[in-house]
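Visitor: Below is the file entry.cif, which contains mmCIF, C-alpha atoms and all ligand atoms.
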data_input
loop_
_atom_site.label_atom_id
_atom_site.label_comp_id
_atom_site.auth_asym_id
_atom_site.auth_seq_id
_atom_site.Cartn_x
_atom_site.Cartn_y
_atom_site.Cartn_z
CA MET A 1 -131.07 -4.46 -40.52
CA MET A 2 -128.70 -6.29 -42.80
CA ASP A 3 -129.94 -8.27 -45.85
CA ARG A 4 -129.95 -12.05 -45.52
CA ARG A 5 -126.65 -13.12 -47.02
CA ARG A 6 -125.30 -16.34 -48.49
CA ILE A 7 -122.04 -17.32 -46.83
CA SER A 8 -119.50 -20.15 -46.97
CA ILE A 9 -116.81 -21.06 -44.46
CA LEU A 10 -113.70 -22.81 -45.79
CA GLY A 11 -111.91 -24.38 -42.84
CA VAL A 12 -114.90 -24.32 -40.48
CA THR A 13 -113.33 -26.93 -38.16
CA GLY A 14 -110.27 -24.81 -37.35
CA SER A 15 -109.66 -22.08 -34.82
CA ILE A 16 -110.73 -19.27 -37.19
CA GLY A 17 -113.61 -21.42 -38.45
CA ALA A 18 -114.90 -21.94 -34.88
CA SER A 19 -114.62 -18.22 -34.13
CA THR A 20 -116.51 -17.48 -37.35
CA VAL A 21 -119.31 -19.83 -36.30
CA SER A 22 -119.34 -18.15 -32.89
CA VAL A 23 -119.70 -14.68 -34.48
CA ILE A 24 -122.45 -15.91 -36.81
CA GLU A 25 -124.36 -17.48 -33.93
CA SER A 26 -124.00 -14.35 -31.81
CA LEU A 27 -125.46 -12.28 -34.67
CA GLY A 28 -128.18 -14.90 -35.27
CA ALA A 29 -127.51 -17.83 -37.61
CA ASP A 30 -131.00 -17.48 -39.08
CA GLN A 31 -129.88 -14.21 -40.70
CA PHE A 32 -127.57 -16.13 -43.04
CA ASP A 33 -128.00 -18.79 -45.71
CA VAL A 34 -124.97 -20.99 -45.25
CA VAL A 35 -123.94 -22.44 -48.60
CA ALA A 36 -120.86 -24.56 -47.87
CA VAL A 37 -118.69 -25.49 -44.92
CA THR A 38 -115.42 -27.40 -45.32
CA GLY A 39 -112.93 -29.27 -43.17
CA ASN A 40 -110.37 -32.03 -43.41
CA ALA A 41 -109.62 -34.57 -40.67
CA ASN A 42 -112.25 -33.49 -38.15
CA VAL A 43 -115.35 -35.04 -39.73
CA GLU A 44 -117.42 -34.87 -36.55
CA GLY A 45 -116.69 -31.18 -36.08
CA LEU A 46 -117.55 -30.55 -39.72
CA ALA A 47 -120.87 -32.36 -39.46
CA ASP A 48 -121.67 -30.54 -36.22
CA ALA A 49 -121.00 -27.10 -37.76
CA ALA A 50 -122.99 -28.02 -40.89
CA ARG A 51 -125.99 -29.09 -38.80
CA ARG A 52 -125.84 -26.05 -36.54
CA LEU A 53 -125.62 -23.66 -39.48
CA ARG A 54 -128.03 -25.66 -41.70
CA ALA A 55 -125.47 -25.59 -44.51
CA GLN A 56 -126.36 -26.78 -48.01
CA VAL A 57 -123.20 -28.88 -48.28
CA ALA A 58 -120.36 -30.05 -46.04
CA VAL A 59 -117.09 -31.05 -47.71
CA THR A 60 -114.09 -32.80 -46.26
CA ALA A 61 -110.83 -32.56 -48.20
CA ASP A 62 -110.05 -36.14 -47.23
CA PRO A 63 -111.73 -38.67 -49.58
CA GLN A 64 -111.62 -41.26 -46.77
CA GLY A 65 -113.88 -38.99 -44.76
CA LEU A 66 -116.88 -39.24 -47.09
CA ALA A 67 -118.54 -42.31 -45.57
CA PRO A 68 -118.26 -41.11 -41.93
CA LEU A 69 -119.38 -37.61 -42.99
CA ARG A 70 -122.45 -39.04 -44.75
CA ALA A 71 -123.24 -41.08 -41.66
CA ALA A 72 -122.83 -38.07 -39.36
CA LEU A 73 -125.13 -35.97 -41.57
CA ALA A 74 -127.82 -38.61 -42.07
CA GLY A 75 -131.28 -37.08 -41.81
CA SER A 76 -129.94 -33.52 -41.54
CA GLY A 77 -130.68 -32.45 -45.12
CA VAL A 78 -127.04 -31.36 -45.56
CA ASP A 79 -125.27 -32.82 -48.62
CA ALA A 80 -121.88 -34.45 -48.07
CA ALA A 81 -118.89 -34.43 -50.43
CA ALA A 82 -115.16 -35.16 -50.23
CA GLY A 83 -111.86 -34.56 -52.01
CA GLU A 84 -109.99 -31.59 -53.39
CA ASN A 85 -112.26 -31.16 -56.43
CA ALA A 86 -115.33 -31.17 -54.21
CA LEU A 87 -113.68 -28.50 -52.09
CA VAL A 88 -113.14 -26.28 -55.12
CA GLU A 89 -116.69 -26.96 -56.35
CA ALA A 90 -118.10 -25.96 -52.96
CA ALA A 91 -115.98 -22.79 -52.92
CA SER A 92 -117.26 -21.96 -56.42
CA ARG A 93 -120.93 -22.04 -55.39
CA PRO A 94 -122.48 -18.58 -55.52
CA ALA A 95 -122.15 -16.86 -52.15
CA ASP A 96 -121.97 -13.24 -51.03
CA TRP A 97 -119.25 -13.79 -48.41
CA VAL A 98 -116.66 -16.52 -48.10
CA MET A 99 -114.37 -17.05 -45.11
CA SER A 100 -111.01 -18.42 -46.30
CA ALA A 101 -109.63 -20.19 -43.21
CA ILE A 102 -108.00 -23.35 -44.53
CA VAL A 103 -104.47 -23.54 -43.20
CA GLY A 104 -101.50 -23.56 -45.59
CA ALA A 105 -101.16 -23.92 -49.34
CA ALA A 106 -104.20 -26.27 -49.32
CA GLY A 107 -106.26 -23.08 -49.12
CA LEU A 108 -104.97 -21.69 -52.43
CA ALA A 109 -107.20 -23.44 -54.98
CA PRO A 110 -110.48 -23.14 -53.01
CA THR A 111 -109.86 -19.48 -52.18
CA LEU A 112 -109.02 -18.69 -55.81
CA ALA A 113 -112.24 -20.46 -56.80
CA ALA A 114 -114.22 -18.30 -54.36
CA ALA A 115 -112.49 -15.16 -55.65
CA ARG A 116 -113.43 -16.05 -59.22
CA THR A 117 -117.14 -15.97 -58.31
CA GLY A 118 -116.87 -12.30 -57.35
CA ALA A 119 -117.82 -12.98 -53.72
CA THR A 120 -116.45 -10.94 -50.85
CA VAL A 121 -113.50 -12.97 -49.61
CA ALA A 122 -112.68 -12.65 -45.92
CA LEU A 123 -109.07 -13.76 -45.98
CA ALA A 124 -107.52 -15.44 -42.94
CA ASN A 125 -105.36 -17.87 -44.96
CA LYS A 126 -101.99 -16.20 -45.40
CA GLU A 127 -100.65 -18.35 -48.20
CA CYS A 128 -102.93 -16.86 -50.88
CA LEU A 129 -101.05 -13.59 -50.62
CA VAL A 130 -97.64 -14.88 -49.54
CA ALA A 131 -97.27 -17.66 -52.11
CA ALA A 132 -99.53 -16.38 -54.86
CA GLY A 133 -99.99 -12.64 -54.24
CA PRO A 134 -100.00 -11.30 -57.84
CA VAL A 135 -102.00 -14.27 -59.21
CA PHE A 136 -104.58 -14.04 -56.43
CA LEU A 137 -104.93 -10.25 -56.65
CA SER A 138 -105.36 -10.35 -60.42
CA GLU A 139 -108.20 -12.89 -60.01
CA ILE A 140 -109.78 -10.60 -57.44
CA ALA A 141 -109.48 -7.63 -59.80
CA ARG A 142 -110.81 -9.61 -62.77
CA SER A 143 -113.91 -10.90 -60.99
CA GLY A 144 -114.62 -7.72 -59.05
CA ALA A 145 -114.48 -9.67 -55.78
CA ARG A 146 -113.79 -7.70 -52.61
CA LEU A 147 -110.94 -8.75 -50.37
CA LEU A 148 -111.29 -8.13 -46.64
CA PRO A 149 -108.23 -9.06 -44.57
CA VAL A 150 -108.97 -11.06 -41.42
CA ASP A 151 -105.45 -11.51 -40.09
CA SER A 152 -105.76 -9.18 -37.10
CA GLU A 153 -102.86 -6.91 -38.10
CA HIS A 154 -104.06 -6.49 -41.67
CA ASN A 155 -107.64 -6.10 -40.60
CA ALA A 156 -106.41 -3.34 -38.27
CA LEU A 157 -104.47 -1.69 -41.10
CA PHE A 158 -107.50 -2.00 -43.39
CA GLN A 159 -109.62 -0.20 -40.80
CA LEU A 160 -106.95 2.47 -40.26
CA THR A 161 -106.42 3.24 -43.92
CA ALA A 162 -110.05 2.98 -45.10
CA ALA A 163 -110.87 6.59 -44.28
CA GLU A 164 -107.50 7.91 -45.46
CA ARG A 165 -107.36 6.72 -49.04
CA GLU A 166 -105.95 9.99 -50.37
CA CYS A 167 -103.21 10.29 -47.74
CA PRO A 168 -99.73 8.99 -48.51
CA ILE A 169 -98.76 6.23 -46.07
CA GLU A 170 -95.27 6.68 -44.68
CA ARG A 171 -95.00 3.49 -42.64
CA LEU A 172 -96.97 0.45 -41.60
CA ILE A 173 -96.12 -0.82 -38.14
CA LEU A 174 -97.04 -4.47 -37.66
CA THR A 175 -97.14 -5.28 -33.98
CA ALA A 176 -96.02 -8.69 -32.73
CA SER A 177 -96.37 -10.21 -29.29
CA GLY A 178 -92.95 -11.84 -29.75
CA GLY A 179 -94.49 -15.22 -28.87
CA PRO A 180 -93.60 -17.44 -25.90
CA PHE A 181 -89.83 -17.18 -26.49
CA ARG A 182 -89.43 -13.43 -26.90
CA ASP A 183 -87.06 -13.29 -23.91
CA ARG A 184 -85.22 -16.58 -24.54
CA SER A 185 -81.64 -16.75 -25.78
CA LEU A 186 -80.76 -18.71 -28.92
CA ALA A 187 -79.20 -21.42 -26.74
CA GLU A 188 -82.44 -21.72 -24.75
CA MET A 189 -84.56 -21.85 -27.90
CA ALA A 190 -82.47 -24.66 -29.40
CA GLY A 191 -84.10 -27.28 -27.17
CA VAL A 192 -87.72 -26.13 -26.95
CA THR A 193 -90.49 -28.68 -27.49
CA VAL A 194 -93.61 -28.49 -29.65
CA ALA A 195 -95.80 -28.17 -26.53
CA GLN A 196 -93.75 -25.16 -25.37
CA ALA A 197 -93.88 -23.56 -28.82
CA VAL A 198 -97.66 -23.98 -29.13
CA ALA A 199 -98.34 -22.17 -25.83
CA HIS A 200 -98.96 -18.63 -27.07
CA PRO A 201 -99.06 -16.03 -24.27
CA ASN A 202 -101.99 -13.93 -25.59
CA TRP A 203 -103.89 -15.45 -28.51
CA SER A 204 -105.78 -18.74 -28.71
CA MET A 205 -105.01 -20.04 -32.21
CA GLY A 206 -104.43 -23.20 -34.23
CA ALA A 207 -101.25 -25.15 -33.42
CA ARG A 208 -99.40 -24.24 -36.62
CA ILE A 209 -99.87 -20.49 -36.36
CA SER A 210 -98.99 -20.64 -32.66
CA ILE A 211 -95.62 -22.22 -33.49
CA ASP A 212 -95.21 -19.62 -36.24
CA SER A 213 -95.63 -16.94 -33.59
CA ALA A 214 -92.88 -18.57 -31.55
CA THR A 215 -90.45 -18.49 -34.51
CA MET A 216 -91.91 -15.18 -35.76
CA PHE A 217 -92.49 -16.82 -39.15
CA ASN A 218 -96.06 -15.66 -38.62
CA LYS A 219 -94.86 -12.05 -38.68
CA ALA A 220 -92.60 -12.82 -41.66
CA LEU A 221 -95.62 -14.06 -43.62
CA GLU A 222 -97.59 -11.03 -42.48
CA MET A 223 -94.91 -8.65 -43.79
CA VAL A 224 -95.30 -10.17 -47.25
CA GLU A 225 -99.11 -10.07 -46.94
CA ALA A 226 -98.95 -6.37 -46.04
CA SER A 227 -96.76 -5.63 -49.06
CA HIS A 228 -99.57 -6.92 -51.31
CA LEU A 229 -102.49 -5.36 -49.47
CA PHE A 230 -101.27 -1.80 -49.02
CA PRO A 231 -99.58 0.77 -51.28
CA VAL A 232 -96.14 0.62 -49.68
CA VAL A 233 -92.69 -0.73 -50.54
CA PRO A 234 -91.13 -3.32 -48.20
CA ASP A 235 -88.92 -0.73 -46.45
CA GLN A 236 -92.06 1.02 -45.23
CA ILE A 237 -93.17 -2.11 -43.37
CA GLU A 238 -91.86 -2.23 -39.81
CA VAL A 239 -92.27 -4.85 -37.10
CA LEU A 240 -92.55 -3.81 -33.47
CA ILE A 241 -92.65 -6.13 -30.45
CA HIS A 242 -95.64 -5.27 -28.28
CA PRO A 243 -96.04 -8.03 -25.69
CA GLN A 244 -99.62 -7.18 -24.62
CA SER A 245 -101.15 -7.57 -28.15
CA ILE A 246 -103.56 -4.69 -27.50
CA ILE A 247 -102.43 -2.50 -30.41
CA HIS A 248 -103.00 -4.67 -33.47
CA SER A 249 -101.05 -2.45 -35.84
CA MET A 250 -100.39 1.20 -36.68
CA VAL A 251 -100.16 3.43 -39.74
CA GLY A 252 -97.91 6.46 -39.96
CA PHE A 253 -98.86 9.19 -42.43
CA CYS A 254 -96.70 11.82 -44.13
CA ASP A 255 -97.66 14.51 -41.59
CA GLY A 256 -96.19 12.56 -38.69
CA SER A 257 -99.59 11.36 -37.44
CA ILE A 258 -99.84 7.75 -36.38
CA LEU A 259 -103.15 5.93 -36.11
CA ALA A 260 -103.35 2.75 -34.04
CA HIS A 261 -106.01 0.06 -33.88
CA LEU A 262 -106.65 -1.27 -30.39
CA GLY A 263 -108.85 -4.07 -29.18
CA PRO A 264 -108.89 -7.26 -27.14
CA PRO A 265 -106.71 -10.07 -28.52
CA ASP A 266 -109.69 -11.99 -29.85
CA MET A 267 -110.00 -12.98 -33.51
CA ARG A 268 -113.77 -12.51 -33.35
CA VAL A 269 -113.15 -8.75 -33.59
CA ALA A 270 -111.50 -9.03 -37.01
CA ILE A 271 -113.89 -11.76 -38.17
CA GLY A 272 -116.92 -9.73 -37.04
CA HIS A 273 -115.54 -6.65 -38.74
CA ALA A 274 -115.14 -8.54 -42.02
CA LEU A 275 -118.59 -10.11 -41.71
CA ASN A 276 -120.38 -6.86 -40.88
CA TRP A 277 -118.32 -4.51 -43.05
CA PRO A 278 -119.02 -1.73 -43.93
CA ALA A 279 -121.30 -1.65 -40.86
CA ARG A 280 -120.31 -2.47 -37.30
CA ARG A 281 -122.47 -4.65 -35.10
CA ASP A 282 -122.32 -5.68 -31.47
CA LEU A 283 -119.84 -8.48 -30.71
CA PRO A 284 -119.66 -10.49 -27.47
CA VAL A 285 -115.97 -9.74 -26.85
CA GLU A 286 -114.16 -8.29 -23.86
CA ARG A 287 -114.05 -4.47 -23.67
CA LEU A 288 -110.64 -2.99 -22.90
CA ASP A 289 -110.16 -1.46 -19.48
CA PHE A 290 -107.21 0.91 -19.84
CA ALA A 291 -106.92 1.66 -16.15
CA ARG A 292 -106.44 -2.05 -15.53
CA LEU A 293 -104.05 -2.46 -18.44
CA ALA A 294 -102.04 0.47 -17.05
CA ARG A 295 -99.22 0.21 -19.59
CA LEU A 296 -98.33 -0.86 -23.10
CA ASP A 297 -94.76 -1.89 -23.87
CA PHE A 298 -92.75 -1.83 -27.09
CA ARG A 299 -89.34 -2.92 -28.27
CA ALA A 300 -87.49 -3.56 -31.51
CA PRO A 301 -87.45 -7.15 -32.78
CA ASP A 302 -84.19 -9.10 -32.68
CA THR A 303 -83.52 -10.56 -36.12
CA ASP A 304 -80.59 -12.63 -34.86
CA ARG A 305 -82.84 -14.62 -32.54
CA PHE A 306 -85.77 -14.47 -34.98
CA PRO A 307 -84.19 -14.79 -38.47
CA ALA A 308 -87.61 -15.32 -40.08
CA LEU A 309 -87.99 -11.54 -40.17
CA ARG A 310 -84.77 -11.20 -42.15
CA LEU A 311 -85.84 -13.97 -44.52
CA ALA A 312 -89.10 -12.12 -45.24
CA ARG A 313 -87.14 -8.99 -46.17
CA GLU A 314 -84.88 -11.06 -48.45
CA ALA A 315 -87.90 -12.70 -50.08
CA MET A 316 -89.60 -9.35 -50.68
CA ALA A 317 -86.37 -7.84 -52.04
CA SER A 318 -85.92 -10.78 -54.46
CA GLY A 319 -89.59 -10.57 -55.46
CA GLY A 320 -91.06 -12.96 -58.03
CA VAL A 321 -91.61 -16.40 -56.56
CA ALA A 322 -89.13 -15.98 -53.65
CA PRO A 323 -91.98 -15.55 -51.09
CA CYS A 324 -93.61 -18.69 -52.51
CA VAL A 325 -90.35 -20.59 -51.97
CA MET A 326 -90.09 -19.21 -48.44
CA ASN A 327 -93.65 -20.29 -47.73
CA GLY A 328 -93.32 -23.84 -49.12
CA ALA A 329 -90.03 -24.43 -47.28
CA HIS A 330 -91.54 -23.01 -44.11
CA GLU A 331 -94.49 -25.43 -44.25
CA VAL A 332 -92.10 -28.38 -44.64
CA ALA A 333 -89.95 -27.12 -41.77
CA LEU A 334 -93.00 -26.66 -39.54
CA ASP A 335 -94.27 -30.19 -40.26
CA ALA A 336 -90.80 -31.59 -39.55
CA PHE A 337 -90.60 -29.73 -36.23
CA ILE A 338 -94.10 -30.89 -35.23
CA GLY A 339 -93.12 -34.43 -36.25
CA GLY A 340 -90.00 -34.29 -34.05
CA GLU A 341 -87.60 -34.61 -37.00
CA ILE A 342 -85.83 -31.27 -36.64
CA GLY A 343 -85.24 -28.78 -33.85
CA PHE A 344 -86.85 -25.38 -33.31
CA LEU A 345 -83.94 -23.35 -34.71
CA ASP A 346 -83.53 -25.72 -37.68
CA MET A 347 -86.77 -24.33 -39.09
CA ALA A 348 -85.27 -20.97 -40.08
CA ASN A 349 -82.02 -22.59 -41.25
CA LEU A 350 -83.98 -24.93 -43.50
CA VAL A 351 -85.98 -22.08 -45.01
CA ALA A 352 -82.86 -19.95 -45.53
CA GLU A 353 -81.02 -22.75 -47.32
CA THR A 354 -84.01 -23.60 -49.52
CA MET A 355 -84.30 -19.94 -50.52
CA GLU A 356 -80.60 -19.85 -51.40
CA ARG A 357 -80.81 -23.03 -53.47
CA LEU A 358 -83.91 -21.91 -55.37
CA ASP A 359 -82.85 -18.31 -55.88
CA GLY A 360 -83.69 -16.95 -59.35
CA LEU A 361 -86.57 -19.26 -60.34
CA ASP A 362 -88.81 -17.95 -63.14
CA GLU A 363 -91.93 -15.93 -62.30
CA ALA A 364 -95.23 -17.84 -62.13
CA SER A 365 -98.25 -16.34 -63.82
CA ASP A 366 -100.96 -18.80 -62.75
CA LEU A 367 -101.91 -21.24 -60.02
CA GLU A 368 -100.22 -24.16 -61.80
CA GLY A 369 -96.94 -22.21 -61.92
CA ILE A 370 -97.24 -21.31 -58.24
CA LEU A 371 -97.96 -24.92 -57.28
CA ALA A 372 -94.90 -26.05 -59.28
CA VAL A 373 -92.66 -23.62 -57.38
CA ASP A 374 -94.29 -24.68 -54.11
CA ALA A 375 -93.53 -28.33 -55.00
CA ASP A 376 -89.88 -27.45 -55.76
CA ALA A 377 -89.54 -25.70 -52.42
CA ARG A 378 -91.08 -28.69 -50.63
CA ARG A 379 -88.77 -31.13 -52.44
CA VAL A 380 -85.64 -29.17 -51.45
CA GLY A 381 -87.06 -28.67 -47.96
CA GLN A 382 -87.60 -32.42 -47.55
CA GLU A 383 -84.00 -33.12 -48.65
CA LEU A 384 -82.83 -30.73 -45.97
CA VAL A 385 -85.08 -32.30 -43.33
CA ARG A 386 -83.37 -35.62 -44.00
CA ARG A 387 -79.95 -33.96 -43.74
CA PHE A 388 -80.79 -32.02 -40.56
CA ALA A 389 -82.39 -35.10 -38.97
CA ALA A 390 -79.36 -37.33 -39.76
P1 LIG A 401 -106.39 -24.56 -37.79
O1 LIG A 401 -105.25 -25.49 -37.93
O2 LIG A 401 -107.05 -24.40 -36.47
O3 LIG A 401 -107.54 -24.96 -38.85
C1 LIG A 401 -107.22 -25.21 -40.19
C2 LIG A 401 -108.43 -25.55 -41.01
O4 LIG A 401 -107.98 -26.01 -42.30
C3 LIG A 401 -109.26 -26.69 -40.43
O5 LIG A 401 -110.61 -26.50 -40.81
C4 LIG A 401 -108.68 -27.92 -41.13
O6 LIG A 401 -109.56 -29.02 -41.16
C5 LIG A 401 -108.47 -27.34 -42.52
N1 LIG A 401 -107.48 -28.09 -43.29
C6 LIG A 401 -106.28 -28.58 -42.84
N2 LIG A 401 -105.64 -29.21 -43.84
C7 LIG A 401 -106.45 -29.14 -44.93
C8 LIG A 401 -106.34 -29.62 -46.26
N3 LIG A 401 -105.28 -30.30 -46.68
N4 LIG A 401 -107.34 -29.34 -47.11
C9 LIG A 401 -108.44 -28.65 -46.71
N5 LIG A 401 -108.61 -28.18 -45.45
C10 LIG A 401 -107.61 -28.42 -44.57
O7 LIG A 401 -105.87 -23.16 -38.37
P2 LIG A 401 -106.32 -21.69 -37.94
O8 LIG A 401 -107.80 -21.59 -37.89
O9 LIG A 401 -105.52 -21.26 -36.79
O10 LIG A 401 -105.79 -20.84 -39.18
C11 LIG A 401 -106.40 -20.88 -40.45
C12 LIG A 401 -105.67 -19.88 -41.35
O11 LIG A 401 -105.88 -18.58 -40.82
C13 LIG A 401 -104.15 -20.08 -41.42
O12 LIG A 401 -103.69 -19.76 -42.69
C14 LIG A 401 -103.63 -19.11 -40.38
O13 LIG A 401 -102.32 -18.67 -40.66
C15 LIG A 401 -104.64 -17.97 -40.53
N6 LIG A 401 -104.80 -17.15 -39.35
C16 LIG A 401 -105.17 -17.72 -38.16
C17 LIG A 401 -105.30 -16.94 -37.01
C18 LIG A 401 -105.75 -17.54 -35.71
O14 LIG A 401 -105.96 -16.80 -34.76
N7 LIG A 401 -105.95 -18.83 -35.61
C19 LIG A 401 -105.04 -15.50 -37.04
C20 LIG A 401 -104.74 -15.01 -38.35
C21 LIG A 401 -104.61 -15.80 -39.46
P3 LIG A 401 -109.56 -30.15 -39.96
O15 LIG A 401 -109.43 -29.40 -38.67
O16 LIG A 401 -110.90 -30.79 -40.11
O17 LIG A 401 -108.43 -31.06 -40.24
#
Please express what this file holds, its structure, as structure tokens.
Guide:
Amino acid sequence: MMDRRRISILGVTGSIGASTVSVIESLGADQFDVVAVTGNANVEGLADAARRLRAQVAVTADPQGLAPLRAALAGSGVDAAAGENALVEAASRPADWVMSAIVGAAGLAPTLAAARTGATVALANKECLVAAGPVFLSEIARSGARLLPVDSEHNALFQLTAAERECPIERLILTASGGPFRDRSLAEMAGVTVAQAVAHPNWSMGARISIDSATMFNKALEMVEASHLFPVVPDQIEVLIHPQSIIHSMVGFCDGSILAHLGPPDMRVAIGHALNWPARRDLPVERLDFARLARLDFRAPDTDRFPALRLAREAMASGGVAPCVMNGAHEVALDAFIGGEIGFLDMANLVAETMERLDGLDEASDLEGILAVDADARRVGQELVRRFAA
């Protein structure tokens, strides 16, 4: 039986947040003391999660959300708070385990705050490693916090390498479904809509990450994440299209052996692993039936149709703040596509041009420096949105 643990969920109203609540409830919510839950626009969902989990405090990032949040929590015994500072304060409260599932760069400051407490950080947010890898990892090392990757590929790689610490890794193979447009030509992709880009063939995820799967920017961000999490150089990180999303990633060792992690395409597997680690406990997820699956397919990715993969390699080769620039420009491009200002293929062009224009920026050694680079990338990105939209 596991000890009763104090946990917080940053981004409880999102797709990962909901899956985390589902895993907690399947294990028995009364086994956990929930410290803080956070959200942004979805005040009702936040209040509902806070009530169900009997959280100490619920925080919305949006200051306008405080009054409705208070009203929704009236009589529940859950405290309400709002704004970015309140978010960081909630993330700083002592907890044993913190789920970092805020989307985008907004997750940086709260996740860093959680890392500084020495808590185990279950990391779904990609930006902490992509935009701020060295800064984030040095905070983790300084506080003695433990980092458990939740992104399914990195969680798979974590599981595969955990028992093989002494063995030199030859290659990491990140699998990718290829998204809804894996068989579309560039000409066909030029006119796709947001609704088409959101419709992921295998995974049920938030809208932003679903579109990132369609452009393969999701995999680009994951390549950078992997370069920080595992002892490899960028050339050892490969991407392989695997349309069924059953193999979540693979590790090749120096003796030619390859270990693969398989499971249903359900984020509750990775979330449950991070919550129960180092133990494993029963999860209410589908069990694979190989006879029914019958086959698993693979093919090389096409970097002409999916230039995000090439941009990730360029960012890793440049090092320094180049991945932060890529990330900031990518967030602007994604917003502009969702807002109907630019087309699907413009996203990669916008990121590429921002990276070119901001090539050679100084290194950043703290969060303020990272946020300044992020702001530069967003400023250039916005200029380009206006040009592309004209
Ligand atoms: P969602 O868009 O579903 O949820 C995002 C969460 O962040 C919500 O709780 C949202 O609140 C909150 N949020 C949004 N903007 C802000 C802000 N400015 N300040 C504070 N909180 C904010 O995203 P996902 O759950 O899909 O993804 C979360 C993270 O996990 C992302 O970084 C994603 O790349 C990563 N990830 C997701 C996977 C998935 O399967 N979904 C898989 C692997 C990684 P509200 O809804 O109330 O506005």
Visitor: Write out as CSV a residue-level contact list of chain A versus ligand LIG 401 (chain A) with cut-off 6 Å: for each qualifying residue the closest pair of atoms and the distance in Å to one decimal, counting all atoms listed in the file, rows sorted by chain and residue number upward.
Guide:
residue,atom,partner,partner_atom,distance
A:Gly11,CA,A:LIG401,O5,3.2
A:Val12,CA,A:LIG401,O5,4.8
A:Thr13,CA,A:LIG401,O5,3.8
A:Gly14,CA,A:LIG401,O3,3.1
A:Ser15,CA,A:LIG401,O8,3.6
A:Ile16,CA,A:LIG401,O8,3.8
A:Gly17,CA,A:LIG401,O8,5.8
A:Gly39,CA,A:LIG401,O6,3.9
A:Asn40,CA,A:LIG401,O16,3.6
A:Ala41,CA,A:LIG401,O17,3.7
A:Asn42,CA,A:LIG401,O16,3.6
A:Ala61,CA,A:LIG401,C9,4.8
A:Ala101,CA,A:LIG401,C11,4.3
A:Ile102,CA,A:LIG401,O4,3.5
A:Val103,CA,A:LIG401,O12,3.9
A:Gly104,CA,A:LIG401,O12,5.3
A:Ala106,CA,A:LIG401,N4,4.9
A:Ala124,CA,A:LIG401,O11,4.1
A:Asn125,CA,A:LIG401,O12,3.4
A:Lys126,CA,A:LIG401,O12,4.8
A:Asp151,CA,A:LIG401,C20,4.0
A:Met205,CA,A:LIG401,N7,3.7
A:Gly206,CA,A:LIG401,O9,3.4
A:Ile209,CA,A:LIG401,O13,5.3
A:Met267,CA,A:LIG401,O14,5.7
Visitor: Hey, what's within 8 Å of A:Asn327 if we count all atoms listed in the file and toss same-chain stuff fewer than 3 positions away? As a PyMOL selection string, please?
Guide: chain A and resi 127+130-131+221+323-324+330-331+374
Visitor: Using all atoms listed in the file, find all polymer residues with an atom at most 9 Å away from the point (-111.5, -15.7, -57.1); report them as a PyMOL selection string.
Guide: chain A and resi 92+110-119+121+136-145
Visitor: Name the residues in contact with stretch 4-6 of chain A at a cut-off of 10 Å, using all atoms listed in the file, excluding same-chain residues fewer than 3 positions from it; report them as a PDB file with C-alpha atoms, keeping the file's coordinate frame.
Guide:
ATOM      1  CA  MET A   1    -131.070  -4.460 -40.520  1.00  0.00           C
ATOM      2  CA  ASP A  30    -131.000 -17.480 -39.080  1.00  0.00           C
ATOM      3  CA  GLN A  31    -129.880 -14.210 -40.700  1.00  0.00           C
ATOM      4  CA  PHE A  32    -127.570 -16.130 -43.040  1.00  0.00           C
ATOM      5  CA  ASP A  33    -128.000 -18.790 -45.710  1.00  0.00           C
ATOM      6  CA  VAL A  34    -124.970 -20.990 -45.250  1.00  0.00           C
ATOM      7  CA  VAL A  35    -123.940 -22.440 -48.600  1.00  0.00           C
ATOM      8  CA  ALA A  36    -120.860 -24.560 -47.870  1.00  0.00           C
ATOM      9  CA  ARG A  93    -120.930 -22.040 -55.390  1.00  0.00           C
ATOM     10  CA  PRO A  94    -122.480 -18.580 -55.520  1.00  0.00           C
ATOM     11  CA  ALA A  95    -122.150 -16.860 -52.150  1.00  0.00           C
ATOM     12  CA  ASP A  96    -121.970 -13.240 -51.030  1.00  0.00           C
ATOM     13  CA  TRP A  97    -119.250 -13.790 -48.410  1.00  0.00           C
ATOM     14  CA  VAL A  98    -116.660 -16.520 -48.100  1.00  0.00           C
ATOM     15  CA  ALA A 119    -117.820 -12.980 -53.720  1.00  0.00           C
TER      16      ALA A 119
END
Visitor: Take the point (-87.2, -11.8, -34.4) as written in the file and pick out every residue within 10 Å of it, counting only C-alpha atoms; give the list as a list in words.
Guide: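 Every polymer residue passing the test: Ala176, Gly178, Gly179, Phe181, Arg182, Ser213, Ala214, Thr215, Met216, Phe217, Lys219, Ala220, Val239, Leu240, Ile241, Ala300, Pro301, Asp302, Thr303, Asp304, Arg305, Phe306, Pro307, Ala308, Leu309 and Arg310 of chain A.
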Visitor: Please identify all polymer residues within 10 Å of A:Arg51, counting only C-alpha atoms, omitting same-chain residues fewer than 6 positions from it, and present them as a ChimeraX atom specification.
Guide: /A:45,57-58,72-73,76-78
Visitor: Measuring atom to atom with all atoms listed in the file, identify which of A:Gly256, A:Pro201, A:Pro68, A:Pro134 is nearest to A:His242.
Guide: A:Pro201
Visitor: Which distance in Å separates atom CA of A:Asp62 and atom CA of A:Cys128, to one decimal?
Guide: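 For atom CA of A:Asp62 relative to atom CA of A:Cys128, the distance reads 20.9 Å.
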Visitor: Report, in Å to a single decimal, how far apart atom CA of A:Asn202 and atom CA of A:Pro265 are.
Guide: 6.8 Å
